[in-house]
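First up is the structure itself, then whatever we jot down about it.
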Amino acid sequence: MRPACTYTDFFVICTGRNPRQTVAIYDEVHQQLKHDARLLPSSVDGQREATWIVADYLDVVLHVFTRDAREYYRLEDLWGDVPSIELEAATA
C-alpha cells in the first residue's frame, strides 16, 4: 500500500460466502496470528453484521467481506493504482 497509503503496508482482502463464513475466516486468521506470531489487532469492526469485518494489525489491515459487500465497496477499484497479488483460496 505504501506510498499510496500512510497508515498500513498491506491490505488483505478476502471473501466469505455468507456472514457466518466471514466470521469463521476472521476467527481463524485471528487465532493463527495470536498463536503463531503473538499478534493481536489494534482494532476490529464489523463482527456483529459480519458483511465486512476489518481488523487493523497496523502493518496489515485485514478485510473480510461477503460477496455482495465486496462488490459494493470495490476496494480493489478504490486502490487500483496499488500493485496487487491474487491468491487462490485454501481448501481443507
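Here, A, B, ... name the chains of the C-alpha cells in the order displayed, residue numbers run from 1 inside each chain, and ligands are numbered from 1 in the same displayed order.
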DSSP strand (DSSP E) residues within region 22-65 of chain A, listed as a PyMOL selection string: chain A and resi 43-45+52-56+60-65
Please build the interface table for region 60-90 of chain A against region 12-35 of chain A with a cut-off of 9 Å, listing for each qualifying residue the nearest atom pair and the distance in Å to one decimal; count only C-alpha atoms, order rows by chain and increasing number, and write it as a Markdown table.
```
| residue | atom | partner | partner_atom | distance |
| --- | --- | --- | --- | --- |
| A:Val60 | CA | A:Val12 | CA | 7.1 |
| A:Val61 | CA | A:Val12 | CA | 6.2 |
| A:Leu62 | CA | A:Val12 | CA | 4.8 |
| A:His63 | CA | A:Ile13 | CA | 4.8 |
| A:Val64 | CA | A:Cys14 | CA | 5.0 |
| A:Phe65 | CA | A:Thr15 | CA | 4.7 |
| A:Thr66 | CA | A:Gly16 | CA | 5.0 |
| A:Arg67 | CA | A:Thr15 | CA | 6.0 |
| A:Arg70 | CA | A:Thr15 | CA | 7.2 |
| A:Leu75 | CA | A:Ile13 | CA | 8.4 |
| A:Glu76 | CA | A:Ile13 | CA | 8.7 |
| A:Ala89 | CA | A:Cys14 | CA | 8.9 |
```
Assign secondary structure with DSSP using the backbone only, and return the residues of chain A in helix (DSSP H, G or I) as a compact mmCIF listing (two decimals) with C-alpha atoms, in the first residue's frame.
```txt
# COMPACT_ATOMS: atom_id res chain seq x y z
CA PRO A 19 -21.80 -13.67 7.17
CA ARG A 20 -21.22 -16.88 9.11
CA GLN A 21 -18.26 -17.73 6.90
CA THR A 22 -16.78 -14.23 7.15
CA VAL A 23 -16.78 -14.62 10.93
CA ALA A 24 -15.15 -18.05 10.61
CA ILE A 25 -12.46 -16.64 8.30
CA TYR A 26 -11.71 -13.78 10.68
CA ASP A 27 -11.71 -16.10 13.70
CA GLU A 28 -9.22 -18.46 12.05
CA VAL A 29 -6.86 -15.65 10.98
CA HIS A 30 -7.12 -14.11 14.45
CA GLN A 31 -6.36 -17.40 16.21
CA GLN A 32 -3.42 -18.22 13.92
CA LEU A 33 -1.83 -14.78 14.28
CA LYS A 34 -2.36 -14.84 18.03
CA HIS A 35 -0.89 -18.33 18.39
CA ASP A 36 1.92 -18.25 15.82
CA ALA A 37 3.02 -14.61 15.89
CA ARG A 67 -19.63 -11.24 -1.87
CA ASP A 68 -22.29 -8.50 -2.02
CA ALA A 69 -20.35 -6.17 0.29
CA ARG A 70 -17.12 -6.71 -1.64
CA GLU A 71 -18.85 -5.88 -4.92
CA TYR A 72 -20.50 -2.82 -3.37
CA TYR A 73 -17.39 -1.29 -1.77
CA LEU A 75 -11.72 -1.62 -2.57
CA GLU A 76 -9.69 -3.01 -5.45
CA ASP A 77 -11.07 -0.22 -7.66
CA LEU A 78 -10.53 2.43 -5.00
```
Length of the CA of Asp9 (chain A) to CA of Leu58 (chain A) vector [Å]: 8.1 Å
Exercise: Ser43 (chain A) partners within 9 Å, only C-alpha atoms, chain neighbours under 6 positions left out, as a list in words: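 So, after excluding close chain neighbours, the residues are Val54, Ala55, Asp56 and Tyr57 of chain A.
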Which of A:Phe11, A:Ser42, A:Trp52, A:Gln47 sits closest to Ile85 (chain A) [using only C-alpha atoms]: A:Phe11
Length of the CA of Glu86 (chain A) to CA of Ile53 (chain A) vector [Å]: 19.4 Å
